[in-house]
$ cat work.cif   # mmCIF, C-alpha atoms
data_query
#
loop_
_atom_site.group_PDB
_atom_site.id
_atom_site.type_symbol
_atom_site.label_atom_id
_atom_site.label_comp_id
_atom_site.auth_asym_id
_atom_site.auth_seq_id
_atom_site.Cartn_x
_atom_site.Cartn_y
_atom_site.Cartn_z
ATOM 1 C CA MET H 1 15.993 -146.834 -59.241
ATOM 2 C CA ASP H 2 16.271 -143.334 -60.660
ATOM 3 C CA ASP H 3 15.251 -142.258 -64.163
ATOM 4 C CA LYS H 4 18.784 -142.083 -65.558
ATOM 5 C CA GLU H 5 19.424 -145.674 -64.509
ATOM 6 C CA ILE H 6 16.171 -146.793 -66.132
ATOM 7 C CA VAL H 7 17.015 -144.971 -69.374
ATOM 8 C CA THR H 8 20.441 -146.612 -69.316
ATOM 9 C CA LEU H 9 18.727 -150.018 -69.094
ATOM 10 C CA TYR H 10 16.743 -149.142 -72.225
ATOM 11 C CA TRP H 11 19.918 -148.057 -74.037
ATOM 12 C CA GLU H 12 21.567 -151.341 -73.040
ATOM 13 C CA ARG H 13 18.435 -153.164 -74.306
ATOM 14 C CA ARG H 14 17.859 -154.914 -70.992
ATOM 15 C CA GLU H 15 14.332 -156.210 -70.512
ATOM 16 C CA SER H 16 14.504 -155.198 -66.862
ATOM 17 C CA ALA H 17 13.972 -151.630 -68.121
ATOM 18 C CA ILE H 18 10.310 -152.379 -68.707
ATOM 19 C CA GLU H 19 9.941 -153.991 -65.294
ATOM 20 C CA GLU H 20 11.600 -151.043 -63.538
ATOM 21 C CA THR H 21 9.513 -148.576 -65.553
ATOM 22 C CA SER H 22 6.353 -150.441 -64.614
ATOM 23 C CA LYS H 23 7.290 -150.454 -60.921
ATOM 24 C CA LYS H 24 8.034 -146.744 -60.840
ATOM 25 C CA TYR H 25 5.505 -145.350 -63.343
ATOM 26 C CA GLY H 26 2.808 -148.010 -63.747
ATOM 27 C CA ARG H 27 0.301 -146.302 -61.486
ATOM 28 C CA TYR H 28 1.099 -142.878 -62.983
ATOM 29 C CA CYS H 29 0.483 -144.098 -66.549
ATOM 30 C CA HIS H 30 -2.635 -146.010 -65.499
ATOM 31 C CA THR H 31 -4.079 -142.877 -63.871
ATOM 32 C CA ILE H 32 -3.520 -140.760 -66.971
ATOM 33 C CA ALA H 33 -5.193 -143.355 -69.195
ATOM 34 C CA TYR H 34 -8.036 -143.961 -66.726
ATOM 35 C CA ASN H 35 -8.854 -140.244 -66.498
ATOM 36 C CA ILE H 36 -9.398 -140.244 -70.255
ATOM 37 C CA LEU H 37 -11.011 -143.650 -70.794
ATOM 38 C CA HIS H 38 -12.790 -144.364 -67.492
ATOM 39 C CA ASN H 39 -12.163 -148.068 -67.999
ATOM 40 C CA THR H 40 -9.689 -150.025 -65.878
ATOM 41 C CA GLU H 41 -8.869 -152.662 -68.491
ATOM 42 C CA ASP H 42 -8.276 -150.100 -71.230
ATOM 43 C CA ALA H 43 -6.150 -148.011 -68.863
ATOM 44 C CA GLU H 44 -4.006 -151.048 -67.995
ATOM 45 C CA GLU H 45 -3.586 -151.839 -71.670
ATOM 46 C CA CYS H 46 -2.549 -148.242 -72.440
ATOM 47 C CA ALA H 47 -0.010 -148.348 -69.605
ATOM 48 C CA ASN H 48 1.457 -151.603 -70.946
ATOM 49 C CA ASP H 49 1.490 -150.195 -74.482
ATOM 50 C CA THR H 50 3.336 -147.174 -73.088
ATOM 51 C CA PHE H 51 6.147 -149.397 -71.834
ATOM 52 C CA LEU H 52 6.340 -151.143 -75.214
ATOM 53 C CA ASN H 53 6.454 -147.766 -76.992
ATOM 54 C CA ALA H 54 9.203 -146.627 -74.629
ATOM 55 C CA TRP H 55 11.153 -149.797 -75.479
ATOM 56 C CA GLN H 56 10.770 -149.016 -79.186
ATOM 57 C CA SER H 57 11.643 -145.314 -78.765
ATOM 58 C CA ILE H 58 14.645 -145.518 -76.444
ATOM 59 C CA PRO H 59 17.096 -145.512 -78.198
ATOM 60 C CA PRO H 60 17.293 -143.365 -80.326
ATOM 61 C CA GLN H 61 15.494 -140.955 -77.992
ATOM 62 C CA LYS H 62 17.029 -140.200 -74.616
ATOM 63 C CA PRO H 63 14.358 -138.440 -72.541
ATOM 64 C CA GLU H 64 15.466 -135.822 -70.038
ATOM 65 C CA ARG H 65 12.369 -136.390 -67.887
ATOM 66 C CA LEU H 66 11.171 -139.971 -68.104
ATOM 67 C CA SER H 67 7.872 -139.186 -66.357
ATOM 68 C CA ALA H 68 6.942 -136.528 -68.933
ATOM 69 C CA PHE H 69 8.047 -138.800 -71.782
ATOM 70 C CA LEU H 70 5.914 -141.702 -70.507
ATOM 71 C CA GLY H 71 3.001 -139.391 -69.658
ATOM 72 C CA ARG H 72 2.935 -138.036 -73.205
ATOM 73 C CA ILE H 73 2.966 -141.532 -74.700
ATOM 74 C CA THR H 74 0.202 -142.712 -72.362
ATOM 75 C CA ARG H 75 -1.937 -139.664 -73.009
ATOM 76 C CA ASN H 76 -1.616 -140.046 -76.789
ATOM 77 C CA LEU H 77 -2.440 -143.771 -76.653
ATOM 78 C CA ALA H 78 -5.473 -143.128 -74.446
ATOM 79 C CA LEU H 79 -6.724 -140.280 -76.651
ATOM 80 C CA ASN H 80 -6.357 -142.494 -79.729
ATOM 81 C CA ARG H 81 -8.366 -145.208 -78.010
ATOM 82 C CA TRP H 82 -10.937 -142.627 -76.914
ATOM 83 C CA ASP H 83 -11.243 -141.459 -80.552
ATOM 84 C CA TYR H 84 -11.812 -145.065 -81.597
ATOM 85 C CA TYR H 85 -14.557 -145.525 -79.008
ATOM 86 C CA ARG H 86 -16.116 -142.185 -79.859
ATOM 87 C CA ALA H 87 -16.250 -143.146 -83.518
ATOM 88 C CA ASP H 88 -18.280 -146.166 -82.471
ATOM 89 C CA LYS H 89 -20.309 -144.029 -80.025
ATOM 90 C CA ARG H 90 -19.428 -146.371 -77.179
ATOM 91 C CA ASN H 91 -17.825 -144.027 -74.650
ATOM 92 C CA GLY H 92 -18.391 -140.570 -73.252
ATOM 93 C CA GLY H 93 -16.510 -139.714 -70.101
ATOM 94 C CA SER H 94 -15.129 -136.284 -69.313
ATOM 95 C CA VAL H 95 -12.979 -135.936 -72.432
ATOM 96 C CA PRO H 96 -15.656 -134.257 -74.597
ATOM 97 C CA LEU H 97 -16.330 -131.718 -71.850
ATOM 98 C CA VAL H 98 -12.634 -130.901 -71.376
ATOM 99 C CA LEU H 99 -12.098 -130.570 -75.120
ATOM 100 C CA GLU H 100 -15.178 -128.369 -75.401
ATOM 101 C CA GLU H 101 -13.880 -126.126 -72.592
ATOM 102 C CA MET H 102 -10.592 -125.594 -74.432
ATOM 103 C CA ALA H 103 -12.065 -125.297 -77.935
ATOM 104 C CA GLU H 104 -11.839 -121.506 -77.889
ATOM 105 C CA CYS H 105 -8.224 -121.584 -76.713
ATOM 106 C CA ILE H 106 -6.536 -123.885 -79.192
ATOM 107 C CA PRO H 107 -5.863 -123.524 -82.907
ATOM 108 C CA ALA H 108 -7.830 -125.646 -85.366
ATOM 109 C CA LYS H 109 -6.576 -129.196 -85.938
ATOM 110 C CA GLU H 110 -5.671 -128.326 -89.525
ATOM 111 C CA ASP H 111 -3.379 -125.561 -88.234
ATOM 112 C CA MET H 112 -1.816 -127.854 -85.622
ATOM 113 C CA ASP H 113 -0.893 -130.357 -88.347
ATOM 114 C CA ASN H 114 1.714 -127.788 -89.431
ATOM 115 C CA LEU H 115 4.787 -128.615 -87.343
ATOM 116 C CA ALA H 116 5.917 -124.975 -87.087
ATOM 117 C CA VAL H 117 2.496 -123.872 -85.790
ATOM 118 C CA ALA H 118 2.388 -126.769 -83.323
ATOM 119 C CA MET H 119 5.887 -125.990 -82.000
ATOM 120 C CA ASP H 120 5.055 -122.291 -81.670
ATOM 121 C CA PHE H 121 1.852 -123.149 -79.787
ATOM 122 C CA LYS H 122 3.819 -125.440 -77.466
ATOM 123 C CA ASP H 123 6.286 -122.633 -76.680
ATOM 124 C CA VAL H 124 3.473 -120.156 -76.031
ATOM 125 C CA LEU H 125 1.687 -122.663 -73.777
ATOM 126 C CA ASN H 126 4.871 -123.281 -71.797
ATOM 127 C CA ARG H 127 5.410 -119.531 -71.323
ATOM 128 C CA PHE H 128 1.806 -119.142 -70.149
ATOM 129 C CA LEU H 129 2.126 -122.005 -67.679
ATOM 130 C CA SER H 130 5.463 -120.824 -66.302
ATOM 131 C CA ALA H 131 3.954 -117.399 -65.570
ATOM 132 C CA LEU H 132 1.139 -118.897 -63.470
ATOM 133 C CA PRO H 133 1.296 -119.319 -59.710
ATOM 134 C CA LYS H 134 1.908 -122.949 -58.737
ATOM 135 C CA GLU H 135 -1.654 -123.732 -57.621
ATOM 136 C CA LYS H 136 -3.227 -122.331 -60.797
ATOM 137 C CA ARG H 137 -0.702 -124.216 -62.935
ATOM 138 C CA ILE H 138 -1.612 -127.432 -61.093
ATOM 139 C CA ILE H 139 -5.328 -126.839 -61.634
ATOM 140 C CA PHE H 140 -4.799 -126.095 -65.337
ATOM 141 C CA MET H 141 -2.615 -129.144 -65.908
ATOM 142 C CA ARG H 142 -4.791 -131.512 -63.879
ATOM 143 C CA ARG H 143 -7.841 -130.518 -65.915
ATOM 144 C CA TYR H 144 -6.449 -130.092 -69.418
ATOM 145 C CA TRP H 145 -3.505 -132.496 -69.499
ATOM 146 C CA TYR H 146 -4.550 -135.244 -67.095
ATOM 147 C CA PHE H 147 -8.316 -134.870 -67.742
ATOM 148 C CA CYS H 148 -9.171 -134.927 -64.031
ATOM 149 C CA THR H 149 -12.706 -134.054 -63.053
ATOM 150 C CA ILE H 150 -13.436 -130.821 -61.253
ATOM 151 C CA GLU H 151 -14.520 -132.881 -58.254
ATOM 152 C CA GLU H 152 -11.144 -134.685 -58.126
ATOM 153 C CA ILE H 153 -9.179 -131.447 -58.401
ATOM 154 C CA ALA H 154 -11.267 -129.769 -55.704
ATOM 155 C CA LYS H 155 -10.879 -132.721 -53.354
ATOM 156 C CA ASP H 156 -7.112 -133.037 -53.893
ATOM 157 C CA LEU H 157 -6.518 -129.307 -53.387
ATOM 158 C CA SER H 158 -9.046 -128.924 -50.529
ATOM 159 C CA LYS H 159 -11.070 -126.381 -52.497
ATOM 160 C CA SER H 160 -14.726 -126.118 -53.356
ATOM 161 C CA GLU H 161 -15.842 -127.258 -56.788
ATOM 162 C CA SER H 162 -17.190 -123.784 -57.528
ATOM 163 C CA SER H 163 -13.780 -122.300 -56.715
ATOM 164 C CA VAL H 164 -12.068 -124.714 -59.123
ATOM 165 C CA LYS H 165 -14.658 -123.986 -61.831
ATOM 166 C CA MET H 166 -14.159 -120.238 -61.443
ATOM 167 C CA THR H 167 -10.372 -120.619 -61.490
ATOM 168 C CA LEU H 168 -10.596 -122.665 -64.689
ATOM 169 C CA LEU H 169 -12.928 -120.104 -66.281
ATOM 170 C CA ARG H 170 -10.500 -117.297 -65.463
ATOM 171 C CA LEU H 171 -7.501 -119.344 -66.601
ATOM 172 C CA ARG H 172 -9.126 -120.063 -69.974
ATOM 173 C CA ALA H 173 -9.920 -116.366 -70.415
ATOM 174 C CA SER H 174 -6.390 -115.302 -69.523
ATOM 175 C CA PHE H 175 -4.952 -118.043 -71.770
ATOM 176 C CA ARG H 176 -7.066 -116.819 -74.686
ATOM 177 C CA THR H 177 -5.871 -113.239 -74.042
ATOM 178 C CA PHE H 178 -2.264 -114.443 -73.757
ATOM 179 C CA LEU H 179 -2.579 -116.295 -77.076
ATOM 180 C CA GLU H 180 -3.958 -113.189 -78.792
ATOM 181 C CA LYS H 181 -1.082 -111.068 -77.439
ATOM 182 C CA GLU H 182 1.381 -113.691 -78.710
ATOM 183 C CA GLY H 183 -0.194 -113.549 -82.165
ATOM 184 C CA VAL H 184 -1.563 -117.105 -82.178
ATOM 185 C CA SER H 185 -4.601 -117.233 -84.432
ATOM 186 C CA LEU H 186 -7.513 -119.222 -83.060
#
$ encode --input "work.cif" --output "structure tokens"
Amino acid sequence: MDDKEIVTLYWERRESAIEETSKKYGRYCHTIAYNILHNTEDAEECANDTFLNAWQSIPPQKPERLSAFLGRITRNLALNRWDYYRADKRNGGSVPLVLEEMAECIPAKEDMDNLAVAMDFKDVLNRFLSALPKEKRIIFMRRYWYFCTIEEIAKDLSKSESSVKMTLLRLRASFRTFLEKEGVSL
């Protein structure tokens, strides 16, 4: 079943929408959550919560790309759960490392709470990503959106870990330069 048909099921309030979403995107959502939480049960729960959130959001929303819509929901749910665990000092994983890597490239949280600043940053990020060659864009997104480890990225792209690390280092530097040229204050 294609995405438009699934979205139509949500608009018609048919419970089969959740089943079809789970069939098509269950593994995708689980992987996103697992890369952040490193816990199978928590990842499954985030994936299921994603489907519930989609049910509550569609309508009124009508996502153009269902995969991106579900991925964003899953990522936010997993990061919220990670914050909860971190507050209790129960979980580490790769999230702190990824966030530390990007700390110099993203505006302060207080600035991102301003909707206009957040939207501007999103536009700048999209322009940066669209200017990258496909492989570099994949590496950037796998690391900083999906929270994949360097080892996973290297294996999936048949590259050495040192090559992926160097690419990420150069991408962060060029992203920082791009942000400065765009007038984004860090």
$ resolve_selection --input "work.cif" --expression "the PyMOL selection byres ((chain H and resi 145) around 12)" --output "NGL selection string"
:H and (31-33 or 35-36 or 68 or 71-72 or 74-76 or 78-79 or 95 or 98-99 or 102 or 125 or 137-144 or 146-149)
$ resolve_selection --input "work.cif" --expression "the PyMOL selection byres ((chain H and resi 7) around 9)" --output "PyMOL selection string"
chain H and resi 2-6+8-12+17+58-59+62-63+66
$ residues_around --input "work.cif" --residues "stretch 44-51 of chain H" --least-positions-apart "3" --cutoff "8 Å" --atoms "only C-alpha atoms" --output "compact mmCIF listing (two decimals) with C-alpha atoms, in the frame of the given file"
# COMPACT_ATOMS: atom_id res chain seq x y z
CA ILE H 18 10.31 -152.38 -68.71
CA THR H 21 9.51 -148.58 -65.55
CA SER H 22 6.35 -150.44 -64.61
CA GLY H 26 2.81 -148.01 -63.75
CA CYS H 29 0.48 -144.10 -66.55
CA HIS H 30 -2.64 -146.01 -65.50
CA ALA H 33 -5.19 -143.35 -69.19
CA THR H 40 -9.69 -150.02 -65.88
CA GLU H 41 -8.87 -152.66 -68.49
CA ALA H 54 9.20 -146.63 -74.63
CA TRP H 55 11.15 -149.80 -75.48
CA LEU H 70 5.91 -141.70 -70.51
CA ILE H 73 2.97 -141.53 -74.70
CA THR H 74 0.20 -142.71 -72.36
CA LEU H 77 -2.44 -143.77 -76.65
CA ALA H 78 -5.47 -143.13 -74.45
$ closest_residue --input "work.cif" --among "H:Cys105, H:Phe178, H:Glu135, H:Met1" --to "H:Leu157" --atoms "all atoms listed in the file"
H:Glu135
$ atom_distance --input "work.cif" --atom1 "atom CA of H:Asn53" --atom2 "atom CA of H:Tyr28"
15.8 Å
$ residues_near_point --input "work.cif" --point "(-4.1, -116.9, -67.6)" --cutoff "10 Å" --atoms "all atoms listed in the file" --output "ChimeraX atom specification"
/H:128-129,131-133,136-137,140,167-179
$ closest_residue --input "work.cif" --among "H:Glu104, H:Asp156, H:Ile150, H:Val124" --to "H:Glu182" --atoms "all atoms listed in the file"
H:Val124
$ closest_residue --input "work.cif" --among "H:Arg13, H:Lys159, H:His38, H:Arg127" --to "H:Tyr85" --atoms "only C-alpha atoms"
H:His38
$ closest_residue --input "work.cif" --among "H:Ser67, H:Lys155, H:Asp120, H:Trp82" --to "H:Ala43" --atoms "all atoms listed in the file"
H:Trp82
$ atom_distance --input "work.cif" --atom1 "atom CA of H:Val164" --atom2 "atom CA of H:Glu180"
24.2 Å
$ atom_distance --input "work.cif" --atom1 "atom CA of H:Glu151" --atom2 "atom CA of H:Ser163"
10.7 Å
$ closest_residue --input "work.cif" --among "H:Arg86, H:Val184, H:Ser162, H:Leu97" --to "H:Met119" --atoms "only C-alpha atoms"
H:Val184
$ decode --input "work.cif" --residues "stretch 124-177 of chain H" --atoms "C-alpha atoms" --output "PDB file, in the first residue's frame"
ATOM      1  CA  VAL H 124      19.643  26.931   6.265  1.00  0.00           C
ATOM      2  CA  LEU H 125      20.186  23.265   7.172  1.00  0.00           C
ATOM      3  CA  ASN H 126      18.132  22.132   4.183  1.00  0.00           C
ATOM      4  CA  ARG H 127      20.135  24.385   1.840  1.00  0.00           C
ATOM      5  CA  PHE H 128      23.389  23.009   3.267  1.00  0.00           C
ATOM      6  CA  LEU H 129      22.249  19.414   2.845  1.00  0.00           C
ATOM      7  CA  SER H 130      20.961  19.935  -0.691  1.00  0.00           C
ATOM      8  CA  ALA H 131      24.353  21.339  -1.723  1.00  0.00           C
ATOM      9  CA  LEU H 132      26.203  18.224  -0.516  1.00  0.00           C
ATOM     10  CA  PRO H 133      27.062  15.278  -2.734  1.00  0.00           C
ATOM     11  CA  LYS H 134      24.761  12.317  -2.077  1.00  0.00           C
ATOM     12  CA  GLU H 135      27.263  10.218  -0.108  1.00  0.00           C
ATOM     13  CA  LYS H 136      28.217  13.081   2.221  1.00  0.00           C
ATOM     14  CA  ARG H 137      24.543  13.926   2.761  1.00  0.00           C
ATOM     15  CA  ILE H 138      23.887  10.280   3.679  1.00  0.00           C
ATOM     16  CA  ILE H 139      26.785  10.246   6.139  1.00  0.00           C
ATOM     17  CA  PHE H 140      25.634  13.514   7.734  1.00  0.00           C
ATOM     18  CA  MET H 141      22.025  12.391   8.061  1.00  0.00           C
ATOM     19  CA  ARG H 142      22.864   8.893   9.296  1.00  0.00           C
ATOM     20  CA  ARG H 143      25.026  10.344  12.062  1.00  0.00           C
ATOM     21  CA  TYR H 144      23.119  13.448  13.121  1.00  0.00           C
ATOM     22  CA  TRP H 145      19.500  12.564  12.364  1.00  0.00           C
ATOM     23  CA  TYR H 146      19.405   8.794  12.811  1.00  0.00           C
ATOM     24  CA  PHE H 147      22.174   8.681  15.468  1.00  0.00           C
ATOM     25  CA  CYS H 148      23.977   5.789  13.767  1.00  0.00           C
ATOM     26  CA  THR H 149      27.406   4.888  15.050  1.00  0.00           C
ATOM     27  CA  ILE H 150      30.462   5.568  12.946  1.00  0.00           C
ATOM     28  CA  GLU H 151      31.001   1.816  12.740  1.00  0.00           C
ATOM     29  CA  GLU H 152      27.493   1.273  11.304  1.00  0.00           C
ATOM     30  CA  ILE H 153      27.902   4.039   8.732  1.00  0.00           C
ATOM     31  CA  ALA H 154      31.314   2.750   7.661  1.00  0.00           C
ATOM     32  CA  LYS H 155      30.031  -0.801   7.309  1.00  0.00           C
ATOM     33  CA  ASP H 156      26.908   0.202   5.353  1.00  0.00           C
ATOM     34  CA  LEU H 157      28.871   2.431   2.964  1.00  0.00           C
ATOM     35  CA  SER H 158      31.882   0.076   2.665  1.00  0.00           C
ATOM     36  CA  LYS H 159      34.243   2.725   4.025  1.00  0.00           C
ATOM     37  CA  SER H 160      36.795   2.715   6.792  1.00  0.00           C
ATOM     38  CA  GLU H 161      35.811   4.185  10.138  1.00  0.00           C
ATOM     39  CA  SER H 162      38.634   6.715   9.883  1.00  0.00           C
ATOM     40  CA  SER H 163      37.291   7.857   6.509  1.00  0.00           C
ATOM     41  CA  VAL H 164      33.809   8.368   7.980  1.00  0.00           C
ATOM     42  CA  LYS H 165      35.256  10.228  10.983  1.00  0.00           C
ATOM     43  CA  MET H 166      37.260  12.532   8.720  1.00  0.00           C
ATOM     44  CA  THR H 167      34.244  13.144   6.479  1.00  0.00           C
ATOM     45  CA  LEU H 168      32.140  14.043   9.517  1.00  0.00           C
ATOM     46  CA  LEU H 169      34.860  16.366  10.836  1.00  0.00           C
ATOM     47  CA  ARG H 170      35.029  18.163   7.491  1.00  0.00           C
ATOM     48  CA  LEU H 171      31.237  18.286   7.185  1.00  0.00           C
ATOM     49  CA  ARG H 172      30.896  19.880  10.632  1.00  0.00           C
ATOM     50  CA  ALA H 173      33.546  22.463   9.735  1.00  0.00           C
ATOM     51  CA  SER H 174      31.889  23.297   6.426  1.00  0.00           C
ATOM     52  CA  PHE H 175      28.464  23.418   8.124  1.00  0.00           C
ATOM     53  CA  ARG H 176      29.791  25.859  10.722  1.00  0.00           C
ATOM     54  CA  THR H 177      31.268  28.021   7.928  1.00  0.00           C
TER      55      THR H 177
END
